[in-house]
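Q: One file: work28.tsv (TSV, C-alpha atoms and all ligand atoms).
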```
chain	number	residue	atom	x	y	z
H	23	MET	CA	111.80	-82.62	-95.25
H	24	THR	CA	110.71	-86.28	-95.30
H	25	THR	CA	107.01	-86.99	-95.16
H	26	LEU	CA	105.67	-88.63	-92.01
H	27	ARG	CA	103.81	-91.83	-92.96
H	28	LEU	CA	100.88	-92.00	-90.58
H	29	ALA	CA	98.17	-94.54	-89.74
H	30	ILE	CA	94.93	-93.71	-87.96
H	31	VAL	CA	93.88	-96.23	-85.32
H	32	GLY	CA	90.17	-96.24	-84.38
H	33	PHE	CA	88.24	-94.88	-87.33
H	34	GLY	CA	85.24	-93.27	-85.62
H	35	LYS	CA	83.67	-89.82	-85.50
H	36	ILE	CA	86.73	-87.70	-84.75
H	37	ALA	CA	89.00	-89.60	-87.15
H	38	ARG	CA	86.53	-89.10	-89.97
H	39	ASP	CA	85.40	-85.54	-89.19
H	40	GLN	CA	88.75	-83.95	-88.23
H	41	HIS	CA	91.85	-86.13	-88.61
H	42	VAL	CA	91.42	-87.10	-92.28
H	43	PRO	CA	90.87	-83.52	-93.56
H	44	ALA	CA	93.57	-82.11	-91.25
H	45	ILE	CA	96.16	-84.64	-92.45
H	46	ALA	CA	95.27	-83.80	-96.07
H	47	ALA	CA	95.72	-80.08	-95.30
H	48	THR	CA	99.08	-80.42	-93.51
H	49	ASP	CA	102.47	-80.49	-95.21
H	50	GLY	CA	104.86	-83.19	-94.08
H	51	VAL	CA	102.35	-85.91	-93.20
H	52	GLU	CA	100.37	-88.42	-95.26
H	53	LEU	CA	97.75	-91.02	-94.34
H	54	VAL	CA	99.02	-94.45	-95.40
H	55	ALA	CA	96.77	-96.87	-93.46
H	56	VAL	CA	93.76	-97.24	-91.17
H	57	ALA	CA	93.46	-99.77	-88.36
H	58	SER	CA	89.92	-100.17	-87.09
H	59	ARG	CA	87.84	-103.25	-86.27
H	60	HIS	CA	84.84	-102.30	-88.41
H	61	ALA	CA	85.44	-99.04	-90.26
H	62	SER	CA	87.71	-98.26	-93.22
H	63	LEU	CA	88.44	-95.48	-95.70
H	64	PRO	CA	88.14	-96.23	-99.43
H	65	GLY	CA	91.52	-96.22	-101.16
H	66	VAL	CA	93.53	-96.51	-97.93
H	67	PRO	CA	94.97	-99.89	-96.79
H	68	HIS	CA	92.86	-101.26	-93.93
H	69	PHE	CA	93.70	-103.54	-91.00
H	70	THR	CA	91.37	-104.72	-88.26
H	71	SER	CA	93.88	-104.17	-85.45
H	72	LEU	CA	97.00	-102.20	-84.66
H	73	GLN	CA	98.86	-105.48	-84.27
H	74	ASP	CA	97.97	-106.54	-87.84
H	75	LEU	CA	98.92	-103.11	-89.14
H	76	LEU	CA	102.33	-103.29	-87.48
H	77	SER	CA	103.07	-106.84	-88.61
H	78	GLU	CA	101.53	-106.88	-92.10
H	79	GLY	CA	100.98	-103.28	-93.14
H	80	PRO	CA	102.95	-100.78	-95.18
H	81	PRO	CA	105.81	-98.96	-93.41
H	82	VAL	CA	104.50	-96.31	-91.03
H	83	ASP	CA	106.41	-93.74	-88.96
H	84	ALA	CA	103.56	-92.69	-86.71
H	85	VAL	CA	100.10	-93.58	-85.46
H	86	ALA	CA	97.24	-91.30	-84.45
H	87	LEU	CA	95.25	-93.09	-81.75
H	88	CYS	CA	91.59	-92.07	-82.11
H	89	THR	CA	90.17	-94.95	-80.09
H	90	PRO	CA	88.38	-94.46	-76.73
H	91	PRO	CA	90.67	-93.63	-73.78
H	92	GLN	CA	90.17	-97.04	-72.14
H	93	VAL	CA	92.15	-98.85	-74.87
H	94	ARG	CA	94.59	-96.17	-75.96
H	95	GLY	CA	97.30	-96.87	-73.35
H	96	GLY	CA	97.91	-100.43	-74.52
H	97	GLN	CA	97.94	-99.33	-78.15
H	98	ALA	CA	100.38	-96.50	-77.42
H	99	ALA	CA	102.75	-98.89	-75.63
H	100	MET	CA	102.61	-101.32	-78.57
H	101	ALA	CA	103.27	-98.59	-81.14
H	102	LEU	CA	106.13	-96.98	-79.17
H	103	ALA	CA	107.73	-100.39	-78.60
H	104	ASP	CA	107.63	-100.83	-82.38
H	105	GLY	CA	109.46	-97.52	-82.88
H	106	LYS	CA	106.49	-95.38	-83.95
H	107	HIS	CA	105.73	-91.80	-83.00
H	108	VAL	CA	102.36	-91.59	-81.23
H	109	LEU	CA	99.64	-88.95	-81.29
H	110	LEU	CA	97.08	-89.44	-78.54
H	111	GLU	CA	93.57	-88.03	-78.89
H	112	LYS	CA	92.32	-86.32	-75.75
H	113	PRO	CA	91.99	-87.25	-72.94
H	114	PRO	CA	95.45	-88.86	-73.12
H	115	GLY	CA	94.43	-91.87	-71.02
H	116	ALA	CA	91.84	-93.39	-68.75
H	117	SER	CA	94.17	-92.82	-65.78
H	118	ILE	CA	97.15	-90.63	-64.98
H	119	GLY	CA	99.38	-93.52	-63.91
H	120	GLU	CA	99.25	-95.24	-67.28
H	121	LEU	CA	100.98	-92.24	-68.90
H	122	ASP	CA	104.24	-92.58	-66.94
H	123	PRO	CA	105.48	-95.75	-68.66
H	124	LEU	CA	104.51	-94.31	-72.04
H	125	ILE	CA	106.51	-91.14	-71.41
H	126	GLU	CA	109.46	-93.25	-70.33
H	127	LEU	CA	109.15	-95.51	-73.38
H	128	ALA	CA	109.01	-92.52	-75.73
H	129	THR	CA	112.05	-90.93	-74.08
H	130	ARG	CA	114.03	-94.16	-74.19
H	131	SER	CA	113.22	-94.83	-77.85
H	132	GLY	CA	113.65	-91.20	-78.99
H	133	ARG	CA	110.11	-91.16	-80.34
H	134	THR	CA	107.45	-88.47	-80.00
H	135	LEU	CA	104.52	-88.93	-77.64
H	136	PHE	CA	102.07	-86.09	-78.26
H	137	ALA	CA	99.14	-85.81	-75.85
H	138	THR	CA	96.90	-83.53	-77.88
H	139	TRP	CA	94.46	-80.97	-76.52
H	140	HIS	CA	92.64	-79.89	-79.67
H	141	SER	CA	90.79	-77.02	-77.99
H	142	ARG	CA	94.11	-75.29	-77.33
H	143	PHE	CA	94.37	-74.88	-81.14
H	144	ALA	CA	91.08	-72.96	-81.33
H	145	PRO	CA	91.75	-69.53	-82.88
H	146	ALA	CA	90.96	-67.33	-79.88
H	147	VAL	CA	92.92	-69.30	-77.27
H	148	GLU	CA	96.39	-67.88	-77.91
H	149	PRO	CA	95.04	-64.29	-78.21
H	150	ALA	CA	93.24	-64.85	-74.88
H	151	ARG	CA	96.44	-66.06	-73.24
H	152	GLN	CA	98.29	-62.98	-74.48
H	153	LEU	CA	95.50	-60.60	-73.40
H	154	LEU	CA	95.36	-62.10	-69.90
H	155	ALA	CA	99.14	-61.95	-69.48
H	156	SER	CA	98.84	-58.20	-68.83
H	157	ARG	CA	95.75	-58.38	-66.60
H	158	ARG	CA	94.87	-59.63	-63.14
H	159	VAL	CA	92.09	-62.19	-63.29
H	160	THR	CA	89.72	-61.95	-60.30
H	161	ALA	CA	87.11	-64.64	-61.06
H	162	VAL	CA	86.40	-67.33	-63.68
H	163	ARG	CA	83.15	-69.08	-64.62
H	164	ILE	CA	83.10	-71.99	-67.06
H	165	THR	CA	79.81	-73.11	-68.64
H	166	TRP	CA	80.28	-76.17	-70.83
H	167	LYS	CA	76.89	-77.68	-71.64
H	168	GLU	CA	76.15	-79.81	-74.68
H	169	ASP	CA	73.72	-82.44	-75.90
H	170	VAL	CA	75.45	-85.82	-75.68
H	171	ARG	CA	72.88	-87.31	-78.07
H	172	VAL	CA	74.00	-84.87	-80.79
H	173	TRP	CA	77.77	-84.93	-80.24
H	174	HIS	CA	78.38	-88.51	-79.08
H	175	PRO	CA	75.67	-90.62	-80.72
H	176	GLY	CA	75.89	-94.29	-79.77
H	177	GLN	CA	79.28	-93.93	-78.03
H	178	SER	CA	78.72	-96.42	-75.21
H	179	TRP	CA	82.37	-96.16	-74.07
H	180	ILE	CA	81.74	-92.63	-72.78
H	181	TRP	CA	79.42	-94.05	-70.08
H	182	GLU	CA	81.74	-96.84	-69.02
H	183	PRO	CA	84.48	-96.61	-66.35
H	184	GLY	CA	87.34	-94.58	-67.82
H	185	GLY	CA	85.02	-92.96	-70.38
H	186	MET	CA	84.65	-89.95	-68.05
H	187	GLY	CA	81.08	-89.05	-69.09
H	188	VAL	CA	80.57	-85.27	-69.16
H	189	PHE	CA	84.27	-84.74	-68.49
H	190	ASP	CA	84.96	-85.93	-72.05
H	191	PRO	CA	83.92	-82.47	-73.33
H	192	GLY	CA	84.52	-80.74	-69.97
H	193	ILE	CA	88.22	-81.54	-70.11
H	194	ASN	CA	88.41	-79.37	-73.24
H	195	ALA	CA	87.44	-76.34	-71.14
H	196	LEU	CA	90.04	-77.30	-68.55
H	197	SER	CA	92.66	-77.69	-71.29
H	198	ILE	CA	91.96	-74.12	-72.39
H	199	LEU	CA	91.92	-72.69	-68.87
H	200	THR	CA	95.21	-74.34	-67.90
H	201	ARG	CA	96.73	-72.83	-71.05
H	202	ILE	CA	95.48	-69.23	-70.70
H	203	LEU	CA	96.05	-68.74	-66.96
H	204	PRO	CA	99.62	-68.33	-65.70
H	205	GLN	CA	99.37	-70.29	-62.42
H	206	PRO	CA	98.74	-74.01	-61.87
H	207	LEU	CA	95.12	-74.72	-60.89
H	208	PHE	CA	93.66	-77.23	-58.49
H	209	VAL	CA	90.22	-78.55	-57.58
H	210	THR	CA	88.78	-77.73	-54.14
H	211	ALA	CA	85.32	-79.29	-54.41
H	212	ALA	CA	83.12	-81.09	-56.90
H	213	GLU	CA	79.67	-82.61	-57.24
H	214	LEU	CA	79.23	-85.35	-59.85
H	215	SER	CA	75.79	-86.47	-61.02
H	216	PHE	CA	75.73	-90.15	-61.99
H	217	PRO	CA	72.60	-91.49	-63.73
H	218	VAL	CA	71.48	-94.58	-61.83
H	219	ASN	CA	72.09	-96.71	-64.95
H	220	ARG	CA	75.54	-95.32	-65.85
H	221	ASP	CA	79.13	-95.60	-64.59
H	222	ALA	CA	80.12	-92.04	-65.57
H	223	PRO	CA	78.68	-88.63	-64.68
H	224	VAL	CA	76.12	-86.85	-66.88
H	225	ALA	CA	76.81	-83.52	-65.14
H	226	ALA	CA	79.37	-82.00	-62.78
H	227	THR	CA	79.97	-78.81	-60.83
H	228	LEU	CA	83.55	-77.96	-59.87
H	229	SER	CA	85.20	-75.34	-57.70
H	230	LEU	CA	88.84	-74.67	-58.49
H	231	THR	CA	91.46	-72.16	-57.48
H	232	ASP	CA	95.15	-71.29	-57.74
H	233	VAL	CA	97.80	-70.26	-55.24
H	234	THR	CA	96.38	-66.70	-55.13
H	235	GLY	CA	92.89	-67.96	-54.18
H	236	LEU	CA	91.34	-67.14	-57.58
H	237	PRO	CA	87.68	-68.29	-57.48
H	238	ILE	CA	86.86	-70.56	-60.45
H	239	THR	CA	83.61	-72.43	-61.01
H	240	ALA	CA	82.82	-74.91	-63.77
H	241	GLU	CA	79.40	-76.24	-64.79
H	242	PHE	CA	79.44	-79.26	-67.11
H	243	ASP	CA	76.21	-80.82	-68.39
H	244	PHE	CA	75.52	-83.43	-71.07
H	245	ARG	CA	71.72	-82.89	-71.01
H	246	GLN	CA	71.70	-79.51	-72.74
H	247	THR	CA	69.18	-79.21	-75.55
H	248	GLY	CA	68.70	-76.04	-77.61
H	249	PRO	CA	71.64	-73.59	-77.62
H	250	GLN	CA	74.92	-75.22	-76.63
H	251	SER	CA	77.39	-73.46	-74.29
H	252	TRP	CA	81.16	-73.69	-74.46
H	253	ASP	CA	82.02	-70.48	-72.61
H	254	ILE	CA	84.71	-69.22	-70.23
H	255	GLU	CA	83.94	-65.86	-68.57
H	256	LEU	CA	86.77	-64.08	-66.81
H	257	ASP	CA	86.51	-60.99	-64.58
H	258	THR	CA	89.73	-58.99	-64.74
H	259	ASP	CA	91.09	-55.73	-63.33
H	260	ALA	CA	90.54	-54.19	-66.78
H	261	GLY	CA	87.00	-55.47	-67.42
H	262	ALA	CA	85.23	-58.65	-68.48
H	263	VAL	CA	86.68	-61.14	-70.96
H	264	LEU	CA	84.58	-63.81	-72.66
H	265	LEU	CA	86.10	-66.75	-74.49
H	266	SER	CA	83.15	-68.47	-76.15
H	267	ALA	CA	82.18	-70.97	-78.88
H	268	GLY	CA	84.75	-73.42	-77.52
H	269	GLY	CA	87.61	-70.96	-78.02
H	270	ALA	CA	86.61	-69.60	-81.44
H	271	ARG	CA	85.45	-66.20	-80.14
H	272	LEU	CA	87.10	-63.69	-77.81
H	273	GLY	CA	85.34	-60.62	-76.47
H	274	ALA	CA	86.73	-58.01	-74.08
H	275	GLY	CA	84.41	-55.31	-72.73
H	276	GLU	CA	82.12	-54.34	-75.61
H	277	GLY	CA	84.56	-55.36	-78.34
H	278	VAL	CA	85.05	-58.63	-80.25
H	279	LEU	CA	88.76	-59.35	-80.68
H	280	VAL	CA	88.50	-62.72	-82.45
H	281	ASP	CA	85.55	-64.44	-84.14
H	282	LEU	CA	86.82	-67.11	-86.44
H	283	ALA	CA	85.42	-70.50	-87.48
H	284	LYS	CA	88.89	-72.00	-87.99
H	285	ALA	CA	89.53	-75.75	-87.72
H	286	GLU	CA	91.68	-76.79	-84.76
H	287	TYR	CA	93.22	-80.00	-86.13
H	288	PRO	CA	95.52	-78.61	-88.88
H	289	GLY	CA	97.46	-76.71	-86.20
H	290	LEU	CA	97.59	-79.84	-84.10
H	291	TYR	CA	99.05	-81.90	-86.97
H	292	GLN	CA	101.54	-79.15	-87.81
H	293	ARG	CA	102.75	-79.36	-84.21
H	294	PHE	CA	102.97	-83.17	-84.42
H	295	VAL	CA	105.09	-82.98	-87.59
H	296	GLU	CA	107.43	-80.48	-85.86
H	297	LEU	CA	107.74	-82.67	-82.75
H	298	THR	CA	108.50	-85.83	-84.71
H	299	ALA	CA	111.31	-84.10	-86.61
H	300	THR	CA	113.34	-84.20	-83.37
H	301	GLY	CA	111.57	-87.04	-81.54
H	302	THR	CA	110.44	-84.59	-78.85
H	303	SER	CA	107.41	-85.38	-76.67
H	304	ASP	CA	104.68	-83.00	-75.51
H	305	VAL	CA	102.61	-84.44	-72.68
H	306	ASP	CA	100.81	-81.94	-70.45
H	307	LEU	CA	98.71	-83.84	-67.93
H	308	ALA	CA	97.33	-80.78	-66.09
H	309	PRO	CA	93.76	-81.07	-67.49
H	310	LEU	CA	93.61	-84.83	-66.80
H	311	ARG	CA	94.87	-84.25	-63.25
H	312	LEU	CA	92.01	-81.81	-62.59
H	313	VAL	CA	89.47	-84.37	-63.79
H	314	ALA	CA	91.07	-87.11	-61.69
H	315	ASP	CA	90.94	-84.84	-58.63
H	316	ALA	CA	87.28	-84.03	-59.31
H	317	PHE	CA	86.57	-87.78	-59.25
H	318	MET	CA	88.65	-88.14	-56.06
H	319	LEU	CA	87.19	-85.15	-54.16
H	320	GLY	CA	83.74	-85.10	-55.68
H	321	ARG	CA	80.49	-85.75	-53.86
H	322	HIS	CA	78.45	-88.29	-55.87
H	323	ARG	CA	74.77	-87.66	-56.55
H	324	ILE	CA	72.66	-90.41	-58.11
H	325	VAL	CA	70.19	-88.96	-60.63
H	326	GLU	CA	67.48	-90.29	-62.94
H	327	PRO	CA	68.44	-92.87	-65.59
H	328	PHE	CA	69.86	-91.52	-68.83
H	329	GLU	CA	69.14	-93.22	-72.16
H	330	ASP	CA	70.88	-92.30	-75.43
P	1	LIG	P1	83.98	-93.01	-81.69
P	1	LIG	O1	83.15	-92.38	-82.76
P	1	LIG	O2	83.34	-94.01	-80.79
P	1	LIG	O3	85.24	-93.65	-82.43
P	1	LIG	C1	86.21	-94.43	-81.78
P	1	LIG	C2	86.48	-95.66	-82.64
P	1	LIG	O4	87.42	-96.48	-81.95
P	1	LIG	C3	85.24	-96.51	-82.85
P	1	LIG	O5	84.54	-96.12	-84.01
P	1	LIG	C4	85.80	-97.91	-82.96
P	1	LIG	O6	86.06	-98.24	-84.33
P	1	LIG	C5	87.09	-97.85	-82.19
P	1	LIG	N1	86.89	-98.52	-80.89
P	1	LIG	C6	85.87	-98.37	-80.03
P	1	LIG	N2	86.02	-99.18	-78.97
P	1	LIG	C7	87.16	-99.84	-79.17
P	1	LIG	C8	87.84	-100.85	-78.43
P	1	LIG	N3	87.35	-101.31	-77.26
P	1	LIG	N4	88.98	-101.34	-78.92
P	1	LIG	C9	89.48	-100.89	-80.09
P	1	LIG	N5	88.85	-99.95	-80.85
P	1	LIG	C10	87.71	-99.44	-80.38
P	1	LIG	O7	84.61	-91.91	-80.75
P	1	LIG	P2	85.16	-90.46	-81.17
P	1	LIG	O8	84.12	-89.43	-80.97
P	1	LIG	O9	85.81	-90.52	-82.48
P	1	LIG	O10	86.18	-90.24	-79.97
P	1	LIG	C11	87.43	-90.91	-79.91
P	1	LIG	C12	88.35	-90.07	-79.06
P	1	LIG	O11	88.46	-88.78	-79.67
P	1	LIG	C13	87.79	-89.83	-77.65
P	1	LIG	O12	88.81	-89.87	-76.70
P	1	LIG	C14	87.20	-88.43	-77.72
P	1	LIG	O13	87.30	-87.75	-76.49
P	1	LIG	C15	88.11	-87.77	-78.74
P	1	LIG	N6	87.46	-86.65	-79.41
P	1	LIG	C16	86.17	-86.75	-79.87
P	1	LIG	C17	85.56	-85.62	-80.41
P	1	LIG	C18	84.15	-85.65	-80.95
P	1	LIG	O14	83.57	-84.58	-81.18
P	1	LIG	N7	83.54	-86.80	-81.18
P	1	LIG	C19	86.24	-84.42	-80.49
P	1	LIG	C20	87.56	-84.39	-80.08
P	1	LIG	C21	88.15	-85.49	-79.52
P	1	LIG	P3	85.99	-99.80	-84.78
P	1	LIG	O15	84.72	-100.36	-84.21
P	1	LIG	O16	86.02	-99.76	-86.27
P	1	LIG	O17	87.21	-100.43	-84.16
```
Take the structure I supplied and represent it as structure tokens, if you would.
A:
Amino acid sequence: MTTLRLAIVGFGKIARDQHVPAIAATDGVELVAVASRHASLPGVPHFTSLQDLLSEGPPVDAVALCTPPQVRGGQAAMALADGKHVLLEKPPGASIGELDPLIELATRSGRTLFATWHSRFAPAVEPARQLLASRRVTAVRITWKEDVRVWHPGQSWIWEPGGMGVFDPGINALSILTRILPQPLFVTAAELSFPVNRDAPVAATLSLTDVTGLPITAEFDFRQTGPQSWDIELDTDAGAVLLSAGGARLGAGEGVLVDLAKAEYPGLYQRFVELTATGTSDVDLAPLRLVADAFMLGRHRIVEPFED
């Protein structure tokens, strides 16, 4: 097997915390360059833009785009046009429409476009999907509440148009739910709380359902201090199921079926290496569509200013 020569573009929190160690832990891929305006990694060739990397850098087969969603579409188009495989951090774009030309470009050039959903690689997600396959789910409650000041310090892009505010973490819950439930889901109502000084919501409440009328509620909040909540509770015909800790823990009834602090990104890179071997794309837009519909259907509430 040839080794995939990969460059990280946008060397911020997630690139540093997760991508670098995951690449080092995954067979078949090596980090050969970083393109980031300000940040670099000692010992790895550095370029201040993707354009400079592509024109002056070492040969690369693939790029992992870890920049904010507002700039990722243009970078993905540039990389695909240059014959590179592309890994997109979540959410895959700032809009749904911008993904269509990228999918087409990837298909035409026989390159991989991988829209990643890292939470789907959490250790309890696949066991949850298998458990639920033999049960009838009767209600779902999502509680996804975290402290933005702890998890997204100084990330001004998250509050700008296309940054999605509280949906930046909330979409992780939706990526899990759309994976573990068998039917497509859709939004029926939403309330989005916009701080008066921000262009993205700090909190949101969603009602969703499926073709069977399954009642699903989701509470997202960026103002959570103290204990953080990344929980999905499901009522089923065979008792309660709780997927908690962002998908690391699965409980059913009184029992704990999975409780594992296992990193998500090595599995994600393993999948990317497999996809690039055949130039196959994997772009599931279901979670992004739910967020877009929440913005489209949602009632807007203006709330007190929010300062980082
Ligand atoms: P971040 O810390 O702000 O890093 C993004 C980096 O991209 C910045 O450090 C910056 O590096 C570069 N960048 C910012 N604005 C740019 C622009 N306008 N043009 C070009 N480059 C720009 O953000 P992050 O937390 O790593 O998040 C990046 C993506 O990963 C987001 O979509 C997020 O949802 C996703 N993600 C984040 C987490 C997390 O826990 N933080 C977890 C999973 C996924 P330079 O200034 O050096 O260019």
Q: Using only C-alpha atoms, which protein or nucleic acid residues come within 9 Å of Ile324 in chain H? Drop anything in the same chain fewer than 3 positions from it, and give the result as a list of chain:residue names.
A: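 Non-adjacent residues within range: H:Leu214, H:Ser215, H:Phe216, H:Pro217, H:Val218, H:Pro327.
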Q: Which chains and residue numbers are within 6 Å of ligand LIG 1 (chain P), counting only C-alpha atoms and all ligand atoms, if I want them as a PyMOL selection string?
A: chain H and resi 32-37+58-61+88-91+93+111-113+173-174+177+190
Q: Between H:Val313, H:Val51, H:Ile198, H:Ala225, which is the closest to Val170 in chain H once you count only C-alpha atoms?
A: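 The closest residue to Val170 in chain H is H:Ala225.
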Q: I'd like to know which of H:Arg133, H:Arg163, H:His68, H:His107 is closest to Thr231 in chain H, using all atoms listed in the file.
A: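 When distances to Thr231 in chain H are compared using all atoms listed in the file, the smallest one comes from H:Arg163.
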Q: Tell me which of H:Glu213, H:Glu276, H:Asp232, H:Asp281 sits closest to Phe317 in chain H, counting all atoms listed in the file.
A: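 The shortest atom-to-atom distance to Phe317 in chain H comes from H:Glu213.
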Q: To one decimal in Å, tell me the separation between CA of Leu109 in chain H and CA of Asp169 in chain H.
A: 27.3 Å
Q: Env of Gly50 in chain H: 9 Å cut, atoms = only C-alpha atoms, seq-sep filter 4 positions within chain, self excluded. Answer as a ChimeraX atom specification.
A: /H:23-27,45,292,295
Q: Using all atoms listed in the file, determine which residues lie at most 12 Å from Asp306 in chain H, disregarding the query and same-chain residues fewer than 5 positions distant; provide the list as a VMD selection string.
A: chain H and resid 110 112 to 115 118 121 to 122 125 135 to 139 142 196 to 198 200 to 201 206 311 to 312
Q: For Leu230 in chain H, list every protein, DNA or RNA residue within 10 Å, evaluated using only C-alpha atoms, and leave out those in the same chain fewer than 2 positions away; present the list as a VMD selection string.
A: chain H and resid 162 207 to 212 228 232 235 to 240 312 316
Q: Can I get the selected residues back with C-alpha atoms, as a CSV table (one decimal), keeping the file's coordinate frame?
A:
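selection-v2.csv, freshly written:
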```csv
chain,number,residue,atom,x,y,z
H,162,VAL,CA,86.4,-67.3,-63.7
H,207,LEU,CA,95.1,-74.7,-60.9
H,208,PHE,CA,93.7,-77.2,-58.5
H,209,VAL,CA,90.2,-78.6,-57.6
H,210,THR,CA,88.8,-77.7,-54.1
H,211,ALA,CA,85.3,-79.3,-54.4
H,212,ALA,CA,83.1,-81.1,-56.9
H,228,LEU,CA,83.6,-78.0,-59.9
H,232,ASP,CA,95.2,-71.3,-57.7
H,235,GLY,CA,92.9,-68.0,-54.2
H,236,LEU,CA,91.3,-67.1,-57.6
H,237,PRO,CA,87.7,-68.3,-57.5
H,238,ILE,CA,86.9,-70.6,-60.4
H,239,THR,CA,83.6,-72.4,-61.0
H,240,ALA,CA,82.8,-74.9,-63.8
H,312,LEU,CA,92.0,-81.8,-62.6
H,316,ALA,CA,87.3,-84.0,-59.3
```
Q: Please identify all polymer residues lying at most 10 Å from the point (99.6, -89.7, -91.3) (file coordinates), using all atoms listed in the file, and present the result as a list in words.
A: Thr25, Leu26, Arg27, Leu28, Ala29, Ile30, His41, Val42, Ala44, Ile45, Ala46, Thr48, Gly50, Val51, Glu52, Leu53, Val54, Ala55, Val56, Val82, Asp83, Ala84, Val85, Ala86, Tyr291 and Val295 of chain H
Q: Select all residues near (100.5, -96.1, -76.3) (cut-off 9 Å, inclusive, file coordinates), counting all atoms listed in the file, and output them as a PyMOL selection string.
A: chain H and resi 87+93-103+108-110+121+124+135
Q: I need the residue nearest Phe294 in chain H from this list: H:Thr70, H:Leu75, H:Thr134, H:Leu265. Use all atoms listed in the file for the distance.
A: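 Closest to Phe294 in chain H, using all atoms listed in the file: H:Thr134.
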Q: In terms of the shortest atom-to-atom distance over all atoms listed in the file, which of H:Glu182, H:Asp221, H:Glu78, H:Glu255 is closest to Arg271 in chain H?
A: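 Using all atoms listed in the file, the shortest distance to Arg271 in chain H belongs to H:Glu255.
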Q: Would you mind putting back N, CA, C and O atoms on range 97-108 of chain H, then writing it out as a short mmCIF file (atom, residue, chain, number, x, y, z; two decimals), in the frame of the given file?
A:
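Written output follows (selection-v4.cif):
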```cif
data_model
loop_
_atom_site.label_atom_id
_atom_site.label_comp_id
_atom_site.auth_asym_id
_atom_site.auth_seq_id
_atom_site.Cartn_x
_atom_site.Cartn_y
_atom_site.Cartn_z
N GLN H 97 97.56 -99.55 -76.74
CA GLN H 97 97.94 -99.33 -78.15
C GLN H 97 99.17 -98.43 -78.26
O GLN H 97 100.05 -98.66 -79.09
N ALA H 98 99.23 -97.41 -77.39
CA ALA H 98 100.38 -96.50 -77.42
C ALA H 98 101.66 -97.25 -77.05
O ALA H 98 102.71 -97.07 -77.69
N ALA H 99 101.57 -98.12 -76.04
CA ALA H 99 102.75 -98.89 -75.63
C ALA H 99 103.22 -99.79 -76.78
O ALA H 99 104.42 -99.89 -77.06
N MET H 100 102.26 -100.42 -77.47
CA MET H 100 102.61 -101.32 -78.57
C MET H 100 103.28 -100.54 -79.72
O MET H 100 104.29 -100.97 -80.28
N ALA H 101 102.73 -99.38 -80.03
CA ALA H 101 103.27 -98.59 -81.14
C ALA H 101 104.65 -98.02 -80.80
O ALA H 101 105.57 -98.06 -81.63
N LEU H 102 104.81 -97.53 -79.57
CA LEU H 102 106.13 -96.98 -79.17
C LEU H 102 107.18 -98.09 -79.15
O LEU H 102 108.32 -97.89 -79.60
N ALA H 103 106.78 -99.27 -78.65
CA ALA H 103 107.73 -100.39 -78.60
C ALA H 103 108.17 -100.79 -80.01
O ALA H 103 109.25 -101.34 -80.20
N ASP H 104 107.31 -100.51 -80.99
CA ASP H 104 107.63 -100.83 -82.38
C ASP H 104 108.32 -99.65 -83.08
O ASP H 104 108.47 -99.65 -84.31
N GLY H 105 108.69 -98.63 -82.31
CA GLY H 105 109.46 -97.52 -82.88
C GLY H 105 108.64 -96.44 -83.58
O GLY H 105 109.18 -95.65 -84.36
N LYS H 106 107.33 -96.40 -83.30
CA LYS H 106 106.49 -95.38 -83.95
C LYS H 106 106.33 -94.15 -83.06
O LYS H 106 106.30 -94.25 -81.83
N HIS H 107 106.17 -93.00 -83.70
CA HIS H 107 105.73 -91.80 -83.00
C HIS H 107 104.23 -91.97 -82.72
O HIS H 107 103.52 -92.57 -83.53
N VAL H 108 103.76 -91.38 -81.61
CA VAL H 108 102.36 -91.59 -81.23
C VAL H 108 101.65 -90.27 -80.92
O VAL H 108 102.14 -89.47 -80.10
#
```
